[in-house]
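Participant: This is the content of upload-v2.json (JSON, C-alpha atoms):
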[["chain", "number", "residue", "atom", "x", "y", "z"],
["A", 271, "MET", "CA", -7.14, 16.27, 7.82],
["A", 272, "LEU", "CA", -7.02, 19.07, 10.36],
["A", 273, "GLU", "CA", -10.77, 18.75, 10.79],
["A", 274, "LEU", "CA", -10.42, 15.00, 11.27],
["A", 275, "ALA", "CA", -7.65, 15.56, 13.81],
["A", 276, "ARG", "CA", -9.87, 17.90, 15.82],
["A", 277, "SER", "CA", -12.72, 15.39, 15.72],
["A", 278, "GLY", "CA", -10.61, 12.60, 17.22],
["A", 279, "ALA", "CA", -9.33, 10.65, 14.20],
["A", 280, "ALA", "CA", -6.73, 8.05, 15.03],
["A", 281, "GLU", "CA", -3.05, 8.26, 14.27],
["A", 282, "GLY", "CA", -1.98, 6.59, 11.06],
["A", 283, "LEU", "CA", -4.80, 7.91, 8.90],
["A", 284, "TRP", "CA", -3.70, 9.04, 5.42],
["A", 285, "LEU", "CA", -5.51, 11.18, 2.86],
["A", 286, "ARG", "CA", -4.34, 11.59, -0.73],
["A", 287, "ALA", "CA", -5.60, 13.94, -3.43],
["A", 288, "GLU", "CA", -5.22, 13.27, -7.15],
["A", 289, "ARG", "CA", -4.88, 17.03, -7.55],
["A", 290, "GLN", "CA", -5.55, 20.15, -5.48],
["A", 291, "THR", "CA", -7.35, 23.36, -6.42],
["A", 292, "ALA", "CA", -5.96, 25.30, -3.43],
["A", 293, "GLY", "CA", -2.66, 23.61, -2.62],
["A", 294, "ARG", "CA", -0.76, 25.38, 0.14],
["A", 295, "GLY", "CA", 2.88, 25.37, 1.18],
["A", 296, "ARG", "CA", 4.75, 27.04, 4.00],
["A", 297, "GLN", "CA", 3.56, 30.51, 5.07],
["A", 298, "GLY", "CA", 0.45, 30.12, 2.90],
["A", 299, "ARG", "CA", 2.32, 29.96, -0.40],
["A", 300, "ASP", "CA", 0.48, 28.45, -3.34],
["A", 301, "TRP", "CA", 1.47, 24.91, -4.27],
["A", 302, "GLU", "CA", 0.85, 23.93, -7.87],
["A", 303, "SER", "CA", -1.04, 20.62, -7.88],
["A", 304, "PRO", "CA", -1.51, 18.95, -11.27],
["A", 305, "ALA", "CA", -2.53, 15.30, -11.39],
["A", 306, "GLY", "CA", 0.37, 12.87, -11.36],
["A", 307, "ASN", "CA", 2.24, 14.26, -8.35],
["A", 308, "LEU", "CA", 1.84, 13.23, -4.72],
["A", 309, "TYR", "CA", -0.39, 15.28, -2.42],
["A", 310, "ALA", "CA", -0.88, 13.38, 0.81],
["A", 311, "SER", "CA", -1.24, 14.01, 4.53],
["A", 312, "THR", "CA", -1.07, 11.80, 7.60],
["A", 313, "LEU", "CA", -1.88, 12.27, 11.27],
["A", 314, "VAL", "CA", 0.43, 11.78, 14.24],
["A", 315, "ARG", "CA", -0.79, 11.91, 17.84],
["A", 316, "VAL", "CA", 2.00, 13.25, 20.04],
["A", 317, "ARG", "CA", 2.39, 11.92, 23.57],
["A", 318, "ASP", "CA", 4.06, 13.07, 26.78],
["A", 319, "GLY", "CA", 7.75, 12.24, 26.97],
["A", 320, "GLU", "CA", 8.31, 12.11, 23.22],
["A", 321, "PRO", "CA", 10.80, 14.31, 21.32],
["A", 322, "PRO", "CA", 9.52, 17.82, 20.44],
["A", 323, "ALA", "CA", 6.70, 17.72, 17.90],
["A", 324, "ALA", "CA", 8.63, 20.09, 15.62],
["A", 325, "THR", "CA", 11.21, 17.37, 15.06],
["A", 326, "LEU", "CA", 8.60, 15.37, 13.18],
["A", 327, "ALA", "CA", 9.80, 17.52, 10.28],
["A", 328, "LEU", "CA", 13.04, 15.51, 10.36],
["A", 329, "VAL", "CA", 11.10, 12.24, 10.52],
["A", 330, "ALA", "CA", 9.12, 13.23, 7.45],
["A", 331, "ALA", "CA", 12.27, 14.27, 5.62],
["A", 332, "VAL", "CA", 14.21, 11.06, 6.18],
["A", 333, "ALA", "CA", 11.14, 8.95, 5.37],
["A", 334, "LEU", "CA", 10.57, 10.79, 2.11],
["A", 335, "ASP", "CA", 14.25, 10.59, 1.18],
["A", 336, "GLU", "CA", 14.22, 6.82, 1.73],
["A", 337, "THR", "CA", 11.02, 6.40, -0.28],
["A", 338, "VAL", "CA", 12.25, 8.39, -3.28],
["A", 339, "ARG", "CA", 15.45, 6.31, -3.27],
["A", 340, "LEU", "CA", 13.32, 3.16, -3.59],
["A", 341, "PHE", "CA", 11.85, 4.43, -6.87],
["A", 342, "ALA", "CA", 14.77, 6.47, -8.24],
["A", 343, "PRO", "CA", 17.97, 5.14, -6.66],
["A", 344, "GLU", "CA", 20.25, 7.02, -9.05],
["A", 345, "LEU", "CA", 18.95, 10.50, -8.18],
["A", 346, "PRO", "CA", 21.57, 12.71, -6.46],
["A", 347, "LEU", "CA", 19.34, 13.55, -3.50],
["A", 348, "SER", "CA", 20.17, 15.70, -0.50],
["A", 349, "LEU", "CA", 18.20, 17.16, 2.40],
["A", 350, "LYS", "CA", 18.04, 20.87, 3.20],
["A", 351, "TRP", "CA", 16.86, 21.97, 6.63],
["A", 352, "PRO", "CA", 14.39, 21.23, 7.89],
["A", 353, "ASN", "CA", 12.70, 18.97, 5.35],
["A", 354, "ASP", "CA", 13.28, 19.96, 1.71],
["A", 355, "LEU", "CA", 14.42, 17.17, -0.59],
["A", 356, "MET", "CA", 16.76, 18.52, -3.28],
["A", 357, "VAL", "CA", 18.22, 17.22, -6.55],
["A", 358, "ASN", "CA", 21.36, 19.12, -7.55],
["A", 359, "GLY", "CA", 20.07, 22.18, -5.71],
["A", 360, "ALA", "CA", 16.55, 22.04, -7.19],
["A", 361, "LYS", "CA", 13.55, 21.43, -4.94],
["A", 362, "LEU", "CA", 11.79, 18.10, -5.44],
["A", 363, "SER", "CA", 9.25, 18.26, -2.63],
["A", 364, "GLY", "CA", 7.71, 20.17, 0.23],
["A", 365, "ILE", "CA", 6.59, 19.06, 3.69],
["A", 366, "LEU", "CA", 4.24, 21.05, 5.90],
["A", 367, "LEU", "CA", 3.45, 20.35, 9.57],
["A", 368, "GLU", "CA", 0.37, 21.81, 11.26],
["A", 369, "ARG", "CA", -0.86, 21.28, 14.83],
["A", 370, "ALA", "CA", -4.38, 20.56, 16.07],
["A", 371, "GLY", "CA", -4.36, 19.80, 19.79],
["A", 372, "ASP", "CA", -2.28, 16.67, 20.31],
["A", 373, "GLY", "CA", -2.49, 15.96, 16.59],
["A", 374, "VAL", "CA", 0.17, 16.90, 14.07],
["A", 375, "VAL", "CA", -0.81, 16.78, 10.42],
["A", 376, "VAL", "CA", 2.18, 16.02, 8.22],
["A", 377, "GLY", "CA", 1.56, 17.01, 4.60],
["A", 378, "PHE", "CA", 3.70, 15.87, 1.69],
["A", 379, "GLY", "CA", 3.89, 17.42, -1.78],
["A", 380, "VAL", "CA", 6.24, 15.55, -4.10],
["A", 381, "ASN", "CA", 6.93, 16.35, -7.74],
["A", 382, "LEU", "CA", 6.66, 12.89, -9.25],
["A", 383, "ALA", "CA", 5.52, 13.62, -12.83],
["A", 384, "HIS", "CA", 5.57, 17.43, -13.05],
["A", 385, "HIS", "CA", 7.32, 20.45, -11.56],
["A", 386, "PRO", "CA", 6.48, 24.16, -11.82],
["A", 387, "GLU", "CA", 8.44, 26.45, -14.08],
["A", 388, "GLY", "CA", 9.41, 30.07, -13.54],
["A", 389, "MET", "CA", 9.75, 29.85, -9.77],
["A", 390, "LEU", "CA", 12.09, 32.05, -7.74],
["A", 391, "ARG", "CA", 13.94, 28.91, -6.70],
["A", 392, "ALA", "CA", 14.87, 25.97, -8.91],
["A", 393, "THR", "CA", 12.45, 23.04, -8.92],
["A", 394, "THR", "CA", 12.51, 19.56, -10.42],
["A", 395, "SER", "CA", 10.60, 16.28, -10.53],
["A", 396, "ILE", "CA", 11.43, 12.60, -10.56],
["A", 397, "ALA", "CA", 10.17, 12.48, -14.16],
["A", 398, "ALA", "CA", 12.87, 14.96, -15.17],
["A", 399, "HIS", "CA", 15.50, 12.35, -14.29],
["A", 400, "ALA", "CA", 13.85, 8.91, -14.21],
["A", 401, "PRO", "CA", 10.48, 7.21, -14.80],
["A", 402, "ALA", "CA", 7.83, 8.75, -12.54],
["A", 403, "PRO", "CA", 6.22, 6.32, -10.06],
["A", 404, "ASP", "CA", 2.46, 6.02, -9.77],
["A", 405, "ALA", "CA", 1.25, 8.37, -7.02],
["A", 406, "GLN", "CA", -0.80, 5.73, -5.18],
["A", 407, "VAL", "CA", 2.02, 3.19, -5.22],
["A", 408, "PHE", "CA", 4.42, 5.88, -3.99],
["A", 409, "ALA", "CA", 1.99, 6.89, -1.22],
["A", 410, "GLU", "CA", 1.68, 3.32, 0.02],
["A", 411, "ALA", "CA", 5.45, 2.96, 0.19],
["A", 412, "LEU", "CA", 5.80, 6.32, 1.95],
["A", 413, "ALA", "CA", 3.21, 5.33, 4.58],
["A", 414, "GLU", "CA", 5.17, 2.19, 5.42],
["A", 415, "VAL", "CA", 8.53, 3.96, 5.62],
["A", 416, "PHE", "CA", 7.11, 6.87, 7.62],
["A", 417, "ALA", "CA", 5.57, 4.50, 10.20],
["A", 418, "ARG", "CA", 8.95, 2.84, 10.70],
["A", 419, "TRP", "CA", 10.78, 6.13, 11.22],
["A", 420, "LEU", "CA", 8.02, 7.41, 13.50],
["A", 421, "SER", "CA", 8.52, 4.36, 15.72],
["A", 422, "ARG", "CA", 12.26, 5.05, 15.89],
["A", 423, "TRP", "CA", 11.63, 8.73, 16.70],
["A", 424, "ARG", "CA", 9.46, 7.75, 19.67],
["A", 425, "GLU", "CA", 12.46, 6.02, 21.20],
["A", 426, "GLY", "CA", 14.56, 9.18, 20.83],
["A", 427, "ILE", "CA", 15.53, 11.70, 18.19],
["A", 428, "ALA", "CA", 19.15, 10.52, 17.86],
["A", 429, "PRO", "CA", 18.70, 7.92, 15.05],
["A", 430, "VAL", "CA", 16.52, 10.32, 13.05],
["A", 431, "ARG", "CA", 19.04, 13.12, 13.46],
["A", 432, "GLU", "CA", 21.88, 10.80, 12.45],
["A", 433, "ARG", "CA", 20.09, 9.70, 9.28],
["A", 434, "TRP", "CA", 19.14, 13.29, 8.42],
["A", 435, "LEU", "CA", 22.78, 14.41, 8.70],
["A", 436, "ALA", "CA", 23.90, 11.46, 6.57],
["A", 437, "ARG", "CA", 21.49, 12.55, 3.80],
["A", 438, "ALA", "CA", 22.11, 16.31, 4.05],
["A", 439, "HIS", "CA", 24.22, 18.51, 1.79],
["A", 440, "PRO", "CA", 27.89, 18.59, 2.85],
["A", 441, "ARG", "CA", 29.07, 20.33, 5.99],
["A", 442, "GLY", "CA", 30.35, 23.77, 4.98],
["A", 443, "THR", "CA", 27.57, 24.38, 2.43],
["A", 444, "ALA", "CA", 26.73, 28.10, 2.29],
["A", 445, "LEU", "CA", 23.19, 28.85, 3.45],
["A", 446, "THR", "CA", 21.03, 31.84, 4.24],
["A", 447, "ALA", "CA", 18.21, 31.66, 6.77],
["A", 448, "ARG", "CA", 15.36, 34.15, 6.49],
["A", 449, "LEU", "CA", 13.86, 34.60, 9.93],
["A", 450, "SER", "CA", 10.30, 35.46, 10.93],
["A", 451, "ASP", "CA", 11.35, 38.98, 11.98],
["A", 452, "GLY", "CA", 12.48, 39.74, 8.42],
["A", 453, "ASN", "CA", 16.20, 39.46, 9.10],
["A", 454, "SER", "CA", 18.51, 37.05, 7.32],
["A", 455, "VAL", "CA", 21.47, 35.09, 8.65],
["A", 456, "ASP", "CA", 24.20, 33.83, 6.30],
["A", 457, "GLY", "CA", 26.56, 31.07, 7.32],
["A", 458, "LEU", "CA", 28.06, 27.69, 6.60],
["A", 459, "PHE", "CA", 26.20, 24.49, 7.44],
["A", 460, "GLU", "CA", 27.67, 23.09, 10.64],
["A", 461, "GLY", "CA", 25.08, 20.40, 11.41],
["A", 462, "LEU", "CA", 22.13, 20.03, 13.77],
["A", 463, "ASP", "CA", 21.99, 20.42, 17.53],
["A", 464, "SER", "CA", 20.67, 17.63, 19.73],
["A", 465, "GLN", "CA", 17.07, 18.81, 19.19],
["A", 466, "GLY", "CA", 17.30, 19.21, 15.43],
["A", 467, "ALA", "CA", 17.92, 22.96, 15.16],
["A", 468, "LEU", "CA", 20.11, 24.11, 12.26],
["A", 469, "ILE", "CA", 23.63, 25.21, 13.25],
["A", 470, "LEU", "CA", 25.28, 27.85, 11.08],
["A", 471, "ARG", "CA", 28.90, 28.94, 11.40],
["A", 472, "LEU", "CA", 28.98, 32.69, 10.88],
["A", 473, "ALA", "CA", 31.68, 34.80, 9.25],
["A", 474, "GLY", "CA", 33.26, 35.59, 12.60],
["A", 475, "GLY", "CA", 33.65, 31.93, 13.49],
["A", 476, "GLU", "CA", 30.85, 31.76, 16.02],
["A", 477, "THR", "CA", 27.88, 29.45, 15.59],
["A", 478, "ARG", "CA", 24.16, 30.21, 15.72],
["A", 479, "ALA", "CA", 21.23, 27.85, 16.14],
["A", 480, "ILE", "CA", 18.27, 28.45, 13.81],
["A", 481, "HIS", "CA", 15.00, 27.09, 15.19],
["A", 482, "ALA", "CA", 12.63, 28.48, 12.57],
["A", 483, "GLY", "CA", 12.94, 30.16, 9.20],
["A", 484, "ASP", "CA", 13.23, 29.66, 5.46],
["A", 485, "VAL", "CA", 16.63, 28.31, 4.44],
["A", 486, "PHE", "CA", 18.15, 28.73, 0.98],
["A", 487, "LEU", "CA", 21.29, 27.43, -0.65],
["A", 488, "LEU", "CA", 23.71, 30.23, -1.61]]
Using the file provided, produce a representation of the structure as structure tokens.
Facilitator:
Amino acid sequence: MLELARSGAAEGLWLRAERQTAGRGRQGRDWESPAGNLYASTLVRVRDGEPPAATLALVAAVALDETVRLFAPELPLSLKWPNDLMVNGAKLSGILLERAGDGVVVGFGVNLAHHPEGMLRATTSIAAHAPAPDAQVFAEALAEVFARWLSRWREGIAPVRERWLARAHPRGTALTARLSDGNSVDGLFEGLDSQGALILRLAGGETRAIHAGDVFLL
């Protein structure tokens, strides 16, 4: 999809794999990719005057949350910054954004039928709680929901931010953010700033905005 983005492919294109032999998550981590789960990417062309491209992570998160609820409405879902979908603290999915010129490739990995075991963090799948949807049917629904949220985002980030906060774990949830410089910041979830950065309330009462990093539930 990155190659297609560089060669001028139009926004709205989707690619889906039945399985992957070199699935990749954030920071180059391996992503287990057996058949039955969703592995799909789409292309967004960013334009002048739109919200920051990084906030497409929030668009992807709220779109995925809405789509999973269509197929498994009883799942106790919550969002963890910036775009992890969780079930009772276990990770259900991963979203990866990569830039190619004015193109942003938004990749989705969703554990529909399977989830990896023995990970450092807890993982789960829809199939562990409810009947697993067909990957192609799920992808078609996700494409429709994502297009709708993308249109809203283009008018301003506020409705996306509002929905994200409504679907997030409760305010006051203890989190740790591992930053790119190797340091970690512990704090309580305070919300998002106007541009979608994570706000943590630190032990001393002050707040800190986190713009990039890996976030874990404590």
Participant: Restricting the calculation to all atoms listed in the file: of A:Val332, A:Ala323, A:Ala479, A:Ala428, which residue gets closest to Leu367 in chain A?
Facilitator: A:Ala323
Participant: Report as CSV: every residue of range 368-432 of chain A with an atom at most 8 Å from range 333-349 of chain A, its closest pair of atoms, and their distance in Å to one decimal, counting all atoms listed in the file, with rows sorted by chain and ascending residue number.
Facilitator:
residue,atom,partner,partner_atom,distance
A:Ile396,CA,A:Ala342,CA,7.4
A:His399,CA,A:Leu345,CA,7.3
A:Ala400,CA,A:Ala342,CA,6.5
A:Pro401,CA,A:Ala342,CA,7.9
A:Pro403,CA,A:Phe341,CA,6.7
A:Phe408,CA,A:Thr337,CA,7.6
A:Ala411,CA,A:Thr337,CA,6.6
A:Leu412,CA,A:Thr337,CA,5.7
A:Val415,CA,A:Ala333,CA,5.6
A:Phe416,CA,A:Ala333,CA,5.1
A:Trp419,CA,A:Ala333,CA,6.5
Participant: For the selection you just gave me, I'd like the residues written to a file as a PDB file, keeping the file's coordinate frame, keeping C-alpha atoms.
Facilitator:
ATOM      1  CA  ILE A 396      11.430  12.600 -10.560  1.00  0.00           C
ATOM      2  CA  HIS A 399      15.500  12.350 -14.290  1.00  0.00           C
ATOM      3  CA  ALA A 400      13.850   8.910 -14.210  1.00  0.00           C
ATOM      4  CA  PRO A 401      10.480   7.210 -14.800  1.00  0.00           C
ATOM      5  CA  PRO A 403       6.220   6.320 -10.060  1.00  0.00           C
ATOM      6  CA  PHE A 408       4.420   5.880  -3.990  1.00  0.00           C
ATOM      7  CA  ALA A 411       5.450   2.960   0.190  1.00  0.00           C
ATOM      8  CA  LEU A 412       5.800   6.320   1.950  1.00  0.00           C
ATOM      9  CA  VAL A 415       8.530   3.960   5.620  1.00  0.00           C
ATOM     10  CA  PHE A 416       7.110   6.870   7.620  1.00  0.00           C
ATOM     11  CA  TRP A 419      10.780   6.130  11.220  1.00  0.00           C
TER      12      TRP A 419
END
Participant: Could you give me, as number ranges by chain, the residues that have an atom at most 12 Å away from the point (10.9, 15.5, -13.9) in the coordinates of the file, using all atoms listed in the file?
Facilitator: A: 306-307, 342, 345, 357, 360-363, 380-387, 393-403
Participant: Name the residues, using the chain letters and numbers of the file, that sit within 8 Å of (6.4, 8.5, 11.1) when counting all atoms listed in the file, and give them as a ChimeraX atom specification.
Facilitator: /A:314,326,329-330,333,413,415-421,423
Participant: What is the CA of Ala331 in chain A-CA of Leu308 in chain A distance in Å, reported with one decimal?
Facilitator: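 We find that CA of Ala331 in chain A and CA of Leu308 in chain A lie 14.7 Å from each other.
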Participant: Within 9 Å of range 452-470 of chain A, which residues of range 274-389 of chain A come that close, and what is the closest atom pair and distance in Å for each? Count all atoms listed in the file and give it as JSON lines.
Facilitator:
{"residue": "A:Pro321", "atom": "CA", "partner": "A:Gln465", "partner_atom": "CA", "distance": 8.0}
{"residue": "A:Pro322", "atom": "CA", "partner": "A:Gln465", "partner_atom": "CA", "distance": 7.7}
{"residue": "A:Ala324", "atom": "CA", "partner": "A:Gly466", "partner_atom": "CA", "distance": 8.7}
{"residue": "A:Thr325", "atom": "CA", "partner": "A:Gly466", "partner_atom": "CA", "distance": 6.4}
{"residue": "A:Leu328", "atom": "CA", "partner": "A:Gly466", "partner_atom": "CA", "distance": 7.6}
{"residue": "A:Trp351", "atom": "CA", "partner": "A:Leu468", "partner_atom": "CA", "distance": 6.8}
{"residue": "A:Pro352", "atom": "CA", "partner": "A:Leu468", "partner_atom": "CA", "distance": 7.8}
Participant: For the residues in the current selection, export C-alpha atoms as a CSV table (one decimal), in the coordinates of the input.
Facilitator:
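Written output follows (out.csv):
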chain,number,residue,atom,x,y,z
A,321,PRO,CA,10.8,14.3,21.3
A,322,PRO,CA,9.5,17.8,20.4
A,324,ALA,CA,8.6,20.1,15.6
A,325,THR,CA,11.2,17.4,15.1
A,328,LEU,CA,13.0,15.5,10.4
A,351,TRP,CA,16.9,22.0,6.6
A,352,PRO,CA,14.4,21.2,7.9
Participant: Check the smallest atom-to-atom distance from each of A:Asn353, A:Ala327, A:Ala405, A:Gly319 to Ala287 in chain A using all atoms listed in the file, then report the winner.
Facilitator: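 When distances to Ala287 in chain A are compared using all atoms listed in the file, the smallest one comes from A:Ala405.
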Participant: Mind giving me the straight-line distance from CA of Ala370 in chain A to CA of Asp318 in chain A in Å, one decimal?
Facilitator: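 It comes out at 15.6 Å.
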Participant: For CA of Gly426 in chain A and CA of Leu272 in chain A, determine how far apart the two atoms are, in Å to one decimal place.
Facilitator: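 Calculated distance between CA of Gly426 in chain A and CA of Leu272 in chain A is 25.9 Å.
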Participant: Nearest to Asp404 in chain A among A:Leu449, A:Glu288, A:Gly282, A:Gly388, with distances taken over all atoms listed in the file: which residue is it?
Facilitator: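 Closest to Asp404 in chain A, using all atoms listed in the file: A:Glu288.
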Participant: Could you check the closest approach to Ala436 in chain A for each of A:Arg317, A:Arg478, A:Lys350, A:Arg276 and tell me which residue wins, using all atoms listed in the file?
Facilitator: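 Under the stated criterion, the closest residue is A:Lys350.
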